[in-house]
Structures are given as structure tokens and as C-alpha cells.
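Structure file entry.cif; described as mmCIF, C-alpha atoms and all ligand atoms.
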data_target
loop_
_atom_site.group_PDB
_atom_site.id
_atom_site.type_symbol
_atom_site.label_atom_id
_atom_site.label_comp_id
_atom_site.auth_asym_id
_atom_site.auth_seq_id
_atom_site.Cartn_x
_atom_site.Cartn_y
_atom_site.Cartn_z
ATOM 1 C CA MET A 344 -15.132 5.124 16.666
ATOM 2 C CA SER A 345 -17.108 6.247 13.670
ATOM 3 C CA ARG A 346 -17.707 3.536 11.109
ATOM 4 C CA SER A 347 -18.548 5.935 8.321
ATOM 5 C CA HIS A 348 -15.269 4.931 6.751
ATOM 6 C CA VAL A 349 -16.537 1.430 6.043
ATOM 7 C CA VAL A 350 -18.964 0.731 3.216
ATOM 8 C CA ASP A 351 -20.317 -2.305 1.393
ATOM 9 C CA SER A 352 -20.287 -0.644 -2.001
ATOM 10 C CA LEU A 353 -19.083 2.559 -3.592
ATOM 11 C CA THR A 354 -19.658 4.321 -6.886
ATOM 12 C CA ALA A 355 -16.927 6.123 -8.805
ATOM 13 C CA THR A 356 -18.678 9.464 -8.201
ATOM 14 C CA ASP A 357 -19.043 8.822 -4.483
ATOM 15 C CA PHE A 358 -15.378 7.864 -4.291
ATOM 16 C CA LEU A 359 -14.254 10.975 -6.169
ATOM 17 C CA ASP A 360 -16.458 13.440 -4.267
ATOM 18 C CA ASN A 361 -16.370 11.988 -0.771
ATOM 19 C CA HIS A 362 -12.992 10.285 -0.527
ATOM 20 C CA LEU A 363 -10.440 11.092 -3.227
ATOM 21 C CA ARG A 364 -11.033 14.839 -3.429
ATOM 22 C CA PRO A 365 -11.398 15.621 0.305
ATOM 23 C CA GLY A 366 -8.793 13.017 1.351
ATOM 24 C CA ARG A 367 -11.005 10.755 3.462
ATOM 25 C CA PRO A 368 -10.090 7.085 3.862
ATOM 26 C CA VAL A 369 -12.543 4.319 3.102
ATOM 27 C CA VAL A 370 -12.660 0.568 3.519
ATOM 28 C CA VAL A 371 -14.828 -1.115 0.909
ATOM 29 C CA ARG A 372 -15.996 -4.594 1.836
ATOM 30 C CA GLY A 373 -16.222 -7.072 -1.010
ATOM 31 C CA ALA A 374 -14.540 -4.631 -3.400
ATOM 32 C CA LEU A 375 -12.757 -7.497 -5.116
ATOM 33 C CA ASN A 376 -15.828 -9.571 -5.870
ATOM 34 C CA GLY A 377 -15.339 -9.606 -9.605
ATOM 35 C CA TRP A 378 -11.849 -11.068 -9.557
ATOM 36 C CA LYS A 379 -11.301 -14.022 -11.855
ATOM 37 C CA VAL A 380 -9.358 -15.667 -9.042
ATOM 38 C CA PRO A 381 -11.468 -14.605 -6.069
ATOM 39 C CA PRO A 382 -9.911 -13.949 -2.669
ATOM 40 C CA PRO A 383 -8.698 -15.595 -0.576
ATOM 41 C CA TRP A 384 -5.701 -16.260 -2.766
ATOM 42 C CA ASP A 385 -3.950 -19.458 -1.850
ATOM 43 C CA LEU A 386 -0.357 -18.953 -0.696
ATOM 44 C CA ALA A 387 0.568 -22.482 -1.772
ATOM 45 C CA SER A 388 -0.436 -21.774 -5.349
ATOM 46 C CA LEU A 389 1.448 -18.472 -5.363
ATOM 47 C CA ARG A 390 4.437 -20.462 -4.118
ATOM 48 C CA GLU A 391 3.988 -22.916 -7.012
ATOM 49 C CA ARG A 392 3.941 -20.116 -9.537
ATOM 50 C CA PHE A 393 6.613 -17.834 -8.132
ATOM 51 C CA GLY A 394 8.642 -20.056 -5.789
ATOM 52 C CA ASP A 395 11.922 -19.662 -7.687
ATOM 53 C CA PHE A 396 11.770 -15.878 -7.967
ATOM 54 C CA GLU A 397 14.162 -13.855 -5.844
ATOM 55 C CA VAL A 398 12.274 -11.377 -3.645
ATOM 56 C CA PRO A 399 13.291 -8.613 -1.219
ATOM 57 C CA LEU A 400 12.444 -8.774 2.477
ATOM 58 C CA PHE A 401 12.025 -5.621 4.515
ATOM 59 C CA ASP A 402 11.844 -4.712 8.172
ATOM 60 C CA THR A 403 8.682 -3.243 9.656
ATOM 61 C CA LEU A 404 9.211 -0.117 7.595
ATOM 62 C CA PHE A 405 10.952 0.126 4.250
ATOM 63 C CA GLU A 406 14.487 -0.958 5.154
ATOM 64 C CA LEU A 407 15.722 -3.755 2.873
ATOM 65 C CA GLU A 408 17.044 -6.679 4.923
ATOM 66 C CA GLU A 409 17.728 -9.610 2.625
ATOM 67 C CA LEU A 410 16.945 -11.379 -0.616
ATOM 68 C CA VAL A 411 15.443 -14.854 -0.572
ATOM 69 C CA THR A 412 13.327 -16.920 -2.934
ATOM 70 C CA PHE A 413 9.561 -16.626 -2.751
ATOM 71 C CA ALA A 414 9.469 -20.307 -1.745
ATOM 72 C CA ASP A 415 11.955 -19.680 1.068
ATOM 73 C CA TYR A 416 9.802 -16.894 2.432
ATOM 74 C CA VAL A 417 6.608 -18.931 2.374
ATOM 75 C CA ASP A 418 8.325 -21.954 3.942
ATOM 76 C CA THR A 419 10.115 -20.009 6.660
ATOM 77 C CA HIS A 420 7.692 -17.276 7.630
ATOM 78 C CA THR A 421 4.137 -18.424 6.914
ATOM 79 C CA GLY A 422 2.029 -21.288 8.228
ATOM 80 C CA ARG A 423 2.928 -20.403 11.816
ATOM 81 C CA ASP A 424 0.891 -19.108 14.709
ATOM 82 C CA GLY A 425 2.853 -15.951 14.950
ATOM 83 C CA GLY A 426 4.241 -16.139 18.455
ATOM 84 C CA THR A 427 6.128 -13.127 19.657
ATOM 85 C CA SER A 428 8.652 -12.579 16.895
ATOM 86 C CA ILE A 429 7.810 -10.311 14.004
ATOM 87 C CA PRO A 430 8.508 -11.896 10.611
ATOM 88 C CA PRO A 431 10.204 -9.903 7.859
ATOM 89 C CA TYR A 432 7.929 -8.431 5.235
ATOM 90 C CA LEU A 433 8.046 -9.464 1.592
ATOM 91 C CA ARG A 434 7.392 -6.333 -0.455
ATOM 92 C CA TRP A 435 7.742 -7.225 -4.111
ATOM 93 C CA PHE A 436 7.541 -4.033 -6.178
ATOM 94 C CA THR A 437 7.270 -3.666 -9.923
ATOM 95 C CA ARG A 438 9.861 -1.381 -11.510
ATOM 96 C CA GLN A 439 9.779 2.090 -10.022
ATOM 97 C CA ARG A 440 13.328 3.290 -10.409
ATOM 98 C CA GLN A 441 16.109 2.977 -12.924
ATOM 99 C CA ASP A 442 18.553 1.165 -10.652
ATOM 100 C CA GLN A 443 16.102 -1.441 -9.296
ATOM 101 C CA THR A 444 17.530 -4.930 -9.770
ATOM 102 C CA ILE A 445 14.677 -7.063 -8.445
ATOM 103 C CA THR A 446 11.233 -6.372 -9.818
ATOM 104 C CA ALA A 447 7.856 -8.057 -9.672
ATOM 105 C CA ASP A 448 7.014 -7.159 -13.263
ATOM 106 C CA ASP A 449 6.996 -10.747 -14.523
ATOM 107 C CA ALA A 450 4.813 -11.837 -11.627
ATOM 108 C CA PHE A 451 2.362 -8.975 -12.204
ATOM 109 C CA GLU A 452 2.199 -9.848 -15.876
ATOM 110 C CA GLU A 453 1.340 -13.392 -14.958
ATOM 111 C CA LEU A 454 -1.269 -12.258 -12.418
ATOM 112 C CA ALA A 455 -2.827 -9.593 -14.636
ATOM 113 C CA ASP A 456 -5.899 -11.612 -15.591
ATOM 114 C CA ASP A 457 -6.487 -12.906 -12.072
ATOM 115 C CA TRP A 458 -7.537 -9.637 -10.469
ATOM 116 C CA ALA A 459 -9.051 -6.244 -11.213
ATOM 117 C CA MET A 460 -8.843 -2.700 -9.874
ATOM 118 C CA PRO A 461 -11.798 -1.807 -7.659
ATOM 119 C CA SER A 462 -14.482 -0.412 -9.950
ATOM 120 C CA TRP A 463 -14.744 2.928 -8.102
ATOM 121 C CA LEU A 464 -11.145 3.938 -8.820
ATOM 122 C CA PRO A 465 -10.588 6.421 -11.662
ATOM 123 C CA GLU A 466 -9.751 4.873 -15.014
ATOM 124 C CA GLY A 467 -7.957 7.943 -16.327
ATOM 125 C CA ASP A 468 -6.815 11.487 -15.481
ATOM 126 C CA TYR A 469 -3.751 10.406 -13.567
ATOM 127 C CA VAL A 470 -0.911 12.875 -13.123
ATOM 128 C CA PHE A 471 1.314 10.379 -11.298
ATOM 129 C CA PRO A 472 2.168 8.215 -12.998
ATOM 130 C CA PRO A 473 1.680 10.609 -15.906
ATOM 131 C CA ALA A 474 -0.624 9.185 -18.571
ATOM 132 C CA ASP A 475 -2.621 10.546 -21.465
ATOM 133 C CA GLY A 476 -5.049 7.654 -21.509
ATOM 134 C CA GLN A 477 -6.482 5.165 -19.072
ATOM 135 C CA LEU A 478 -4.475 3.270 -16.498
ATOM 136 C CA ASP A 479 -5.108 -0.132 -15.019
ATOM 137 C CA ALA A 480 -3.005 -1.270 -12.055
ATOM 138 C CA THR A 481 -3.260 -4.889 -13.195
ATOM 139 C CA ARG A 482 -1.262 -4.023 -16.313
ATOM 140 C CA ASP A 483 0.274 -0.591 -16.066
ATOM 141 C CA PRO A 484 3.190 0.580 -13.949
ATOM 142 C CA PHE A 485 2.414 2.570 -10.819
ATOM 143 C CA PRO A 486 4.758 3.762 -8.070
ATOM 144 C CA ALA A 487 4.951 1.296 -5.173
ATOM 145 C CA ARG A 488 2.873 -1.197 -7.116
ATOM 146 C CA GLY A 489 3.582 -4.393 -5.279
ATOM 147 C CA LEU A 490 2.576 -7.794 -4.104
ATOM 148 C CA PHE A 491 2.949 -7.753 -0.331
ATOM 149 C CA VAL A 492 3.234 -11.032 1.545
ATOM 150 C CA CYS A 493 3.780 -11.513 5.249
ATOM 151 C CA GLY A 494 3.347 -14.148 7.881
ATOM 152 C CA THR A 495 1.094 -13.645 10.905
ATOM 153 C CA GLY A 496 2.406 -10.763 12.983
ATOM 154 C CA GLY A 497 4.088 -9.035 10.042
ATOM 155 C CA ARG A 498 3.557 -5.319 10.028
ATOM 156 C CA THR A 499 4.232 -1.961 8.511
ATOM 157 C CA ARG A 500 4.988 0.650 11.141
ATOM 158 C CA LEU A 501 3.192 3.969 11.337
ATOM 159 C CA HIS A 502 4.117 6.196 8.380
ATOM 160 C CA VAL A 503 2.840 8.584 5.737
ATOM 161 C CA ASP A 504 3.201 7.537 2.097
ATOM 162 C CA PRO A 505 5.727 9.369 -0.082
ATOM 163 C CA TRP A 506 5.449 11.371 -3.327
ATOM 164 C CA ALA A 507 2.404 13.387 -2.192
ATOM 165 C CA SER A 508 0.427 10.380 -3.421
ATOM 166 C CA ASP A 509 -2.682 8.463 -2.453
ATOM 167 C CA ALA A 510 -2.751 4.685 -2.264
ATOM 168 C CA CYS A 511 -5.051 1.721 -2.663
ATOM 169 C CA LEU A 512 -4.544 -1.658 -1.053
ATOM 170 C CA CYS A 513 -6.489 -4.805 -1.957
ATOM 171 C CA GLN A 514 -6.553 -7.603 0.583
ATOM 172 C CA ALA A 515 -6.227 -10.934 -1.237
ATOM 173 C CA THR A 516 -5.394 -13.315 1.619
ATOM 174 C CA GLY A 517 -5.746 -13.256 5.407
ATOM 175 C CA ASP A 518 -7.000 -10.667 7.856
ATOM 176 C CA LYS A 519 -4.980 -7.490 8.299
ATOM 177 C CA ARG A 520 -5.649 -4.767 10.859
ATOM 178 C CA PHE A 521 -5.330 -1.226 9.574
ATOM 179 C CA ILE A 522 -5.114 1.792 11.893
ATOM 180 C CA MET A 523 -5.186 5.330 10.528
ATOM 181 C CA TYR A 524 -4.737 8.806 11.979
ATOM 182 C CA PRO A 525 -5.584 12.019 10.146
ATOM 183 C CA PRO A 526 -2.857 14.403 8.977
ATOM 184 C CA GLU A 527 -3.616 16.804 11.870
ATOM 185 C CA ALA A 528 -2.449 14.111 14.305
ATOM 186 C CA GLY A 529 1.043 14.549 12.893
ATOM 187 C CA GLU A 530 2.066 17.023 15.565
ATOM 188 C CA LEU A 531 1.378 14.387 18.234
ATOM 189 C CA LEU A 532 2.817 11.417 16.341
ATOM 190 C CA THR A 533 6.077 12.920 15.049
ATOM 191 C CA ASP A 534 9.141 14.533 16.591
ATOM 192 C CA GLY A 535 9.501 17.307 14.052
ATOM 193 C CA GLU A 536 12.764 15.783 12.813
ATOM 194 C CA GLY A 537 11.350 13.132 10.530
ATOM 195 C CA GLY A 538 10.658 10.600 13.292
ATOM 196 C CA THR A 539 7.237 8.974 13.707
ATOM 197 C CA VAL A 540 6.206 7.097 16.845
ATOM 198 C CA ASP A 541 6.491 3.308 16.756
ATOM 199 C CA LEU A 542 3.161 2.189 18.218
ATOM 200 C CA ASP A 543 4.684 -1.180 19.226
ATOM 201 C CA ASP A 544 7.502 0.432 21.166
ATOM 202 C CA PRO A 545 6.600 4.055 21.810
ATOM 203 C CA ASP A 546 9.313 6.403 22.999
ATOM 204 C CA ASP A 547 7.369 8.602 25.392
ATOM 205 C CA ALA A 548 10.238 11.036 25.837
ATOM 206 C CA ARG A 549 10.515 11.686 22.122
ATOM 207 C CA PHE A 550 6.764 11.645 21.465
ATOM 208 C CA PRO A 551 5.319 12.884 24.774
ATOM 209 C CA ARG A 552 1.815 13.476 23.447
ATOM 210 C CA TRP A 553 1.351 10.523 21.076
ATOM 211 C CA ARG A 554 -1.324 8.986 23.337
ATOM 212 C CA ASP A 555 -3.534 12.016 22.710
ATOM 213 C CA ALA A 556 -3.761 11.127 19.027
ATOM 214 C CA VAL A 557 -7.031 9.406 18.197
ATOM 215 C CA PRO A 558 -7.213 6.953 15.316
ATOM 216 C CA VAL A 559 -10.063 7.725 12.961
ATOM 217 C CA LEU A 560 -10.052 4.258 11.481
ATOM 218 C CA ASP A 561 -9.205 0.920 13.099
ATOM 219 C CA GLU A 562 -10.551 -1.901 10.985
ATOM 220 C CA VAL A 563 -9.729 -5.459 10.029
ATOM 221 C CA LEU A 564 -9.458 -5.978 6.293
ATOM 222 C CA SER A 565 -10.537 -9.424 5.189
ATOM 223 C CA PRO A 566 -9.897 -11.084 1.836
ATOM 224 C CA GLY A 567 -11.971 -9.237 -0.737
ATOM 225 C CA ASP A 568 -11.772 -5.839 0.980
ATOM 226 C CA ALA A 569 -9.946 -2.773 -0.318
ATOM 227 C CA ILE A 570 -8.809 0.373 1.467
ATOM 228 C CA PHE A 571 -8.132 3.870 0.191
ATOM 229 C CA ILE A 572 -5.238 5.618 1.951
ATOM 230 C CA PRO A 573 -5.310 9.362 1.304
ATOM 231 C CA GLN A 574 -2.133 11.425 1.227
ATOM 232 C CA GLY A 575 -0.940 12.664 4.600
ATOM 233 C CA TRP A 576 -2.798 10.067 6.663
ATOM 234 C CA TYR A 577 -0.664 8.158 9.156
ATOM 235 C CA HIS A 578 -1.260 4.436 8.877
ATOM 236 C CA THR A 579 0.017 1.153 10.216
ATOM 237 C CA ALA A 580 -0.935 -2.417 9.302
ATOM 238 C CA ILE A 581 -0.621 -5.663 11.239
ATOM 239 C CA ALA A 582 -1.166 -9.067 9.656
ATOM 240 C CA LEU A 583 -3.501 -11.051 11.916
ATOM 241 C CA GLN A 584 -3.026 -14.055 9.629
ATOM 242 C CA ASP A 585 -0.689 -14.942 6.780
ATOM 243 C CA SER A 586 -1.407 -12.140 4.392
ATOM 244 C CA VAL A 587 -1.245 -11.248 0.711
ATOM 245 C CA SER A 588 -2.085 -7.733 -0.487
ATOM 246 C CA LEU A 589 -1.822 -5.878 -3.768
ATOM 247 C CA THR A 590 -1.121 -2.182 -3.545
ATOM 248 C CA TRP A 591 -0.071 0.864 -5.540
ATOM 249 C CA ASN A 592 0.197 4.640 -5.215
ATOM 250 C CA PHE A 593 -1.126 7.325 -7.514
ATOM 251 C CA THR A 594 -2.091 10.959 -7.877
ATOM 252 C CA HIS A 595 -5.242 11.896 -9.738
ATOM 253 C CA ARG A 596 -5.808 15.185 -11.557
ATOM 254 C CA VAL A 597 -7.910 16.526 -8.671
ATOM 255 C CA HIS A 598 -4.620 16.699 -6.752
ATOM 256 C CA GLN A 599 -2.472 17.992 -9.587
ATOM 257 C CA GLU A 600 -1.561 21.205 -7.762
ATOM 258 C CA ARG A 601 -0.510 19.321 -4.660
ATOM 259 C CA PHE A 602 1.675 17.015 -6.735
ATOM 260 C CA GLU A 603 3.228 19.829 -8.744
ATOM 261 C CA ALA A 604 4.035 21.739 -5.567
ATOM 262 C CA TYR A 605 5.717 18.619 -4.207
ATOM 263 C CA VAL A 606 7.777 18.175 -7.381
ATOM 264 C CA ARG A 607 8.803 21.839 -7.392
ATOM 265 C CA SER A 608 9.860 21.750 -3.769
ATOM 266 C CA GLY A 609 12.397 18.996 -4.386
ATOM 267 C CA GLY A 610 10.281 15.892 -4.968
ATOM 268 C CA GLY A 611 11.295 15.885 -8.612
ATOM 269 C CA ALA A 612 14.713 14.639 -7.528
ATOM 270 C CA ASP A 613 13.262 11.519 -5.918
ATOM 271 C CA PRO A 614 14.379 8.537 -8.042
ATOM 272 C CA VAL A 615 10.859 7.098 -8.182
ATOM 273 C CA VAL A 616 9.316 10.396 -9.229
ATOM 274 C CA SER A 617 11.976 11.044 -11.847
ATOM 275 C CA TYR A 618 11.650 7.473 -13.168
ATOM 276 C CA PHE A 619 7.940 7.940 -13.879
ATOM 277 C CA ILE A 620 8.118 11.573 -14.941
ATOM 278 C CA SER A 621 10.950 10.992 -17.386
ATOM 279 C CA GLY A 622 8.332 9.328 -19.518
ATOM 280 C CA GLY A 623 9.883 5.944 -20.123
ATOM 281 C CA VAL A 624 6.746 4.311 -18.870
ATOM 282 C CA ARG A 625 3.996 6.207 -20.657
ATOM 283 C CA PRO A 626 1.415 3.712 -21.919
HETATM 284 O O1 LIG A 701 -0.277 -3.422 4.241
HETATM 285 C C1 LIG A 701 0.669 -2.921 4.792
HETATM 286 O O2 LIG A 701 1.490 -3.584 5.417
HETATM 287 C C2 LIG A 701 0.840 -1.440 4.730
HETATM 288 C C3 LIG A 701 1.241 -1.008 3.379
HETATM 289 C C4 LIG A 701 1.595 0.429 3.302
HETATM 290 O O3 LIG A 701 1.068 1.236 3.989
HETATM 291 C C5 LIG A 701 2.621 0.890 2.386
HETATM 292 O O4 LIG A 701 3.264 0.052 1.743
HETATM 293 O O5 LIG A 701 2.829 2.103 2.272
HETATM 294 FE FE FE A 702 1.672 3.223 3.355
#
Show this structure as C-alpha cells.
Amino acid sequence: MSRSHVVDSLTATDFLDNHLRPGRPVVVRGALNGWKVPPPWDLASLRERFGDFEVPLFDTLFELEELVTFADYVDTHTGRDGGTSIPPYLRWFTRQRQDQTITADDAFEELADDWAMPSWLPEGDYVFPPADGQLDATRDPFPARGLFVCGTGGRTRLHVDPWASDACLCQATGDKRFIMYPPEAGELLTDGEGGTVDLDDPDDARFPRWRDAVPVLDEVLSPGDAIFIPQGWYHTAIALQDSVSLTWNFTHRVHQERFEAYVRSGGGADPVVSYFISGGVRP
């Protein structure tokens, strides 16, 4: 497997020209070096700060399963060896739709000084979320901006991100394996009816050729690493240890046409898209 998708440093120009614009993933080691609270973040101290907050737990994709307190999650699902059972996944999103009852906004406000966006990410020229000025994920709303926590063995099944958007994920605690397939692999990995193969439990009848798909990236993120997930890339993540990540989605001006085409073809009706586009969150 080519390791050209893993670098030890990256400039903003290199990111724009070689990753953002062409849609090529990249893992940047030590991308979080400047954080005021350097990785690895300590789960026990997050529990101290946010233990009483109610948080949503999801299955291995984005199906909401239950609400518990942050402390409950840490006590029940972390600090274990993993074993065979897959723990639920705590995905704590800041506000991204009008009808969202549980949000991580207070937690993000409290964490804002602790971390920083990787320096190679654009500071401005975002079309989603729409903004006239600069945006900073530590302070400003983004779609799917969240604090993700899961115990060893927690995972996100193979999927493509929504809203015709790109994503960044910062690994704050624990090792997490990331596997990615390029958009062209879609014909092998999907059933043409919205289904994507579950790599943990593949249905060979429904996805007869999925084994022919070759991952372009299969890397372990360690605390301090960040990954860029371009639109259309199939990806799955498996927590090899108790894990904390910070993540958000975005579309930069270089992909304005792609985003506008998505909105025109029905995406504008998506509650997350309409929440951000309606302008209530313009900085
Ligand atoms: O870190 C993970 O579990 C994967 C996150 C992800 O791909 C997503 O939330 O879209
Ligand atoms: Fe994703």
C-alpha cells in the first residue's frame, strides 16, 4: 500500500493543491502539536468536566440508540480490553439542525482554548457553512462538528459523508484505525440501492465483488494525528483503544460548484443544510 497519504508536516498550499482540490486523503502526524492541552487527552478529566451532561449514543453507523450521561458512558464502555462486543459510540454534535435537543455547544465552548484547527486547513472561503469571514472549528459552528468518544472496539461502519462535504478528524486520545477506499470503488462496495457493505459482516450475495475493492489508505491514527477525508471516499474507523476524536465537515470555495449542484438536486431540503444555509449561524 502506498504511504504517500501519510506526512509529517503539511503547508496550507500543499493541502489546497494536493489534497483539498483533487480530493486526496492525507494523514498528518503530529498535526495537533500546538494544542494548549496536548494529546493524549485524558478521559478521566473529560469525565470530570462533562460527566453530568446528557449525550447521545449511536450504533456503528448513525442510528441513535440511547441517551446517557457522559459519566455513564465512560464508566460503562471505556477502561475495558474490548473483548468481542462492540460498544456503542458517543457522538456528541454541536447544533446542526433546528430540532436538535442535545447539543455539545457548551462543551465545545469550554474546550475552545484547549485545541486548535490544524494549521494547513483554510481559514476562510468556506461555502458550507456559509461565511463571509474566517472560520475556526474550535469556536464556530460546522456541520457534524462533534466530540466522538468510544471504548476499544467502537467503530463507524463503511460510509461516505453527507452534504457533498469534506471532513477533518483530529485524534485526541487512543489509537484508531482508519481504512479508506476511493470513490471509484463505490460500484464494488455498494448495492446500487443505498446499501454499503459492512466490512465486519459482509453480505457476499448483496455485494458479490466487494473483495475486489482495494483500500488506498489503511493507517492507525495516534493521539496528535489528523486525517482529511475528501468527499466521496468510503471510510471506516475502528478504535484500537479508548478513543476521543474531534471532527467536523465543510466545503471550501474550490468545491462551490459541487456543493451548489448538490443543493439544487435536493440537498437543500436536508435539515442540516437548511439549518446552516438559512443564515442563523453566520459569524
Ligand atoms: O472516527 C470515526 O469513527 C469515523 C468518523 C466518521 O467518519 C464520521 O463521523 O463521518
Ligand atoms: Fe465519515
Can you tell me, as JSON, the centre and edge lengths (Å, one decimal) of the axis-aligned box enclosing all of ligand LIG 701 (chain A)'s listed atoms after padding each side by 3 Å?
{"center_x": 1.5, "center_y": -0.7, "center_z": 3.6, "size_x": 9.5, "size_y": 11.7, "size_z": 9.7}
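Of the listed residues (A:Phe491, A:Tyr416, A:Trp458, A:Trp463), A:Trp463 comes nearest to Ser352 of chain A; the distances count only C-alpha atoms.
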- What's the 9 Å shell around segment 362-364 of chain A, counting only C-alpha atoms, without same-chain residues fewer than 2 positions away, as a list in words? Asp357, Phe358, Leu359, Asp360, Gly366, Arg367, Pro368, Val369, Asp509, Phe571, Pro573, His595, Val597 and His598 of chain A
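For Val615 of chain A, the residues within 7 Å (counting all atoms listed in the file, excluding itself and residues fewer than 2 positions away along the chain) are Gln439, Arg440, Pro486, Asp613, Ser617, Tyr618 and Phe619 of chain A.
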- Message: ligand FE 702 (chain A): which residues are within 8 Å, counting only C-alpha atoms and all ligand atoms? Reply as a PyMOL selection string.
- Response: chain A and resi 499+502-504+510+572+577-579
- Note on the structure: With distances taken over all atoms listed in the file, the candidate from A:Ser347, A:Thr481, A:Gln514, A:Thr354 nearest Leu464 of chain A is A:Thr354
- Message: For ligand LIG 701 (chain A), return the neighbouring residues as a PyMOL selection string (distance at most 9 Å; all atoms listed in the file).
- Response: chain A and resi 403-405+432+434+487-489+491-493+497-505+510+512-514+519-521+572+577-582+586-592
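Distances to Leu375 of chain A were evaluated for A:Asp351, A:Pro525, A:Gly575, A:Pro461 using all atoms listed in the file, and the minimum falls at A:Pro461.
Between atom CA of Pro484 of chain A and atom CA of Phe401 of chain A there is a distance of 21.4 Å.
With only C-alpha atoms as the atoms that count, the minimum distance from Val559 of chain A to the choices A:Pro381, A:Gly422, A:Pro545, A:Pro526 is reached by A:Pro526.
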- Task: To one decimal in Å, tell me the separation between atom CA of Gly377 of chain A and atom CA of Asp395 of chain A.
- Result: 29.1 Å
- Query: For Pro566 of chain A, which of A:Pro399, A:Pro383, A:Gly426, A:Gly467 is the closest residue, counting only C-alpha atoms?
  - Reply: A:Pro383
- Using only C-alpha atoms, which residues sit within 8 Å of Phe451 of chain A once same-chain residues fewer than 4 positions away are excluded, as a PyMOL selection string? chain A and resi 437+447+455+481-482
- Task: Pull out every residue that the PyMOL selection byres (((chain A and resi 445) around 8) and not hetatm) matches in the shown coordinates and put them as a PyMOL selection string.
- Result: chain A and resi 397-399+443-444+446-447
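Distance check against Ala604 of chain A using only C-alpha atoms: of A:Ala507, A:Ala480, A:Ala355, A:Leu410, the minimum falls on A:Ala507.
Using all atoms listed in the file, the contacts of Pro382 of chain A at a cut-off of 7 Å, with sequence neighbours closer than 4 positions omitted, comprise Ala515, Thr516, Pro566 and Gly567 of chain A.
Atom CA of Glu408 of chain A is found 25.7 Å from atom CA of Leu532 of chain A.
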- Message: Can you tell me which residues surround Pro473 of chain A at a distance of at most 12 Å, considering only C-alpha atoms, apart from same-chain residues fewer than 4 positions away, and format the answer as a list in words?
- Response: Gly467, Asp468, Tyr469, Gln477, Leu478, Asp483, Pro484, Phe485, Pro486, Phe593, Thr594, His595, Arg596, Gln599, Phe602, Glu603, Val616, Ser617, Tyr618, Phe619, Ile620, Ser621, Gly622, Gly623, Val624, Arg625 and Pro626 of chain A
Take segment 582-588 of chain A, model all heavy atoms, and hand the result over as a JSON list (two decimals), in the frame of the given file.
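Below is the file selection_35.json, written as the result:
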[["chain", "number", "residue", "atom", "x", "y", "z"],
["A", 582, "ALA", "N", -0.56, -7.85, 10.20],
["A", 582, "ALA", "CA", -1.17, -9.07, 9.66],
["A", 582, "ALA", "C", -1.64, -9.96, 10.80],
["A", 582, "ALA", "O", -0.84, -10.42, 11.62],
["A", 582, "ALA", "CB", -0.16, -9.81, 8.78],
["A", 583, "LEU", "N", -2.95, -10.19, 10.87],
["A", 583, "LEU", "CA", -3.50, -11.05, 11.92],
["A", 583, "LEU", "C", -3.43, -12.51, 11.50],
["A", 583, "LEU", "O", -3.59, -13.42, 12.32],
["A", 583, "LEU", "CB", -4.96, -10.66, 12.21],
["A", 583, "LEU", "CG", -5.18, -9.18, 12.55],
["A", 583, "LEU", "CD1", -6.66, -8.89, 12.80],
["A", 583, "LEU", "CD2", -4.35, -8.77, 13.77],
["A", 584, "GLN", "N", -3.22, -12.72, 10.20],
["A", 584, "GLN", "CA", -3.03, -14.06, 9.63],
["A", 584, "GLN", "C", -2.01, -13.90, 8.51],
["A", 584, "GLN", "O", -1.70, -12.78, 8.10],
["A", 584, "GLN", "CB", -4.35, -14.57, 9.03],
["A", 584, "GLN", "CG", -5.46, -14.71, 10.06],
["A", 584, "GLN", "CD", -6.81, -15.02, 9.42],
["A", 584, "GLN", "OE1", -7.07, -14.66, 8.27],
["A", 584, "GLN", "NE2", -7.66, -15.71, 10.17],
["A", 585, "ASP", "N", -1.54, -15.03, 7.97],
["A", 585, "ASP", "CA", -0.69, -14.94, 6.78],
["A", 585, "ASP", "C", -1.44, -14.11, 5.74],
["A", 585, "ASP", "O", -2.64, -14.33, 5.52],
["A", 585, "ASP", "CB", -0.40, -16.34, 6.22],
["A", 585, "ASP", "CG", 0.47, -17.16, 7.16],
["A", 585, "ASP", "OD1", 1.09, -16.57, 8.06],
["A", 585, "ASP", "OD2", 0.52, -18.39, 6.98],
["A", 586, "SER", "N", -0.71, -13.18, 5.15],
["A", 586, "SER", "CA", -1.41, -12.14, 4.39],
["A", 586, "SER", "C", -0.79, -11.91, 3.01],
["A", 586, "SER", "O", 0.43, -11.97, 2.85],
["A", 586, "SER", "CB", -1.34, -10.84, 5.22],
["A", 586, "SER", "OG", -1.73, -9.73, 4.46],
["A", 587, "VAL", "N", -1.67, -11.68, 2.05],
["A", 587, "VAL", "CA", -1.25, -11.25, 0.71],
["A", 587, "VAL", "C", -2.08, -10.02, 0.35],
["A", 587, "VAL", "O", -3.31, -10.04, 0.45],
["A", 587, "VAL", "CB", -1.49, -12.35, -0.35],
["A", 587, "VAL", "CG1", -1.08, -11.84, -1.74],
["A", 587, "VAL", "CG2", -0.74, -13.63, -0.01],
["A", 588, "SER", "N", -1.39, -8.95, -0.05],
["A", 588, "SER", "CA", -2.08, -7.73, -0.49],
["A", 588, "SER", "C", -1.48, -7.27, -1.81],
["A", 588, "SER", "O", -0.31, -7.53, -2.09],
["A", 588, "SER", "CB", -1.91, -6.60, 0.53],
["A", 588, "SER", "OG", -2.14, -7.01, 1.85]]
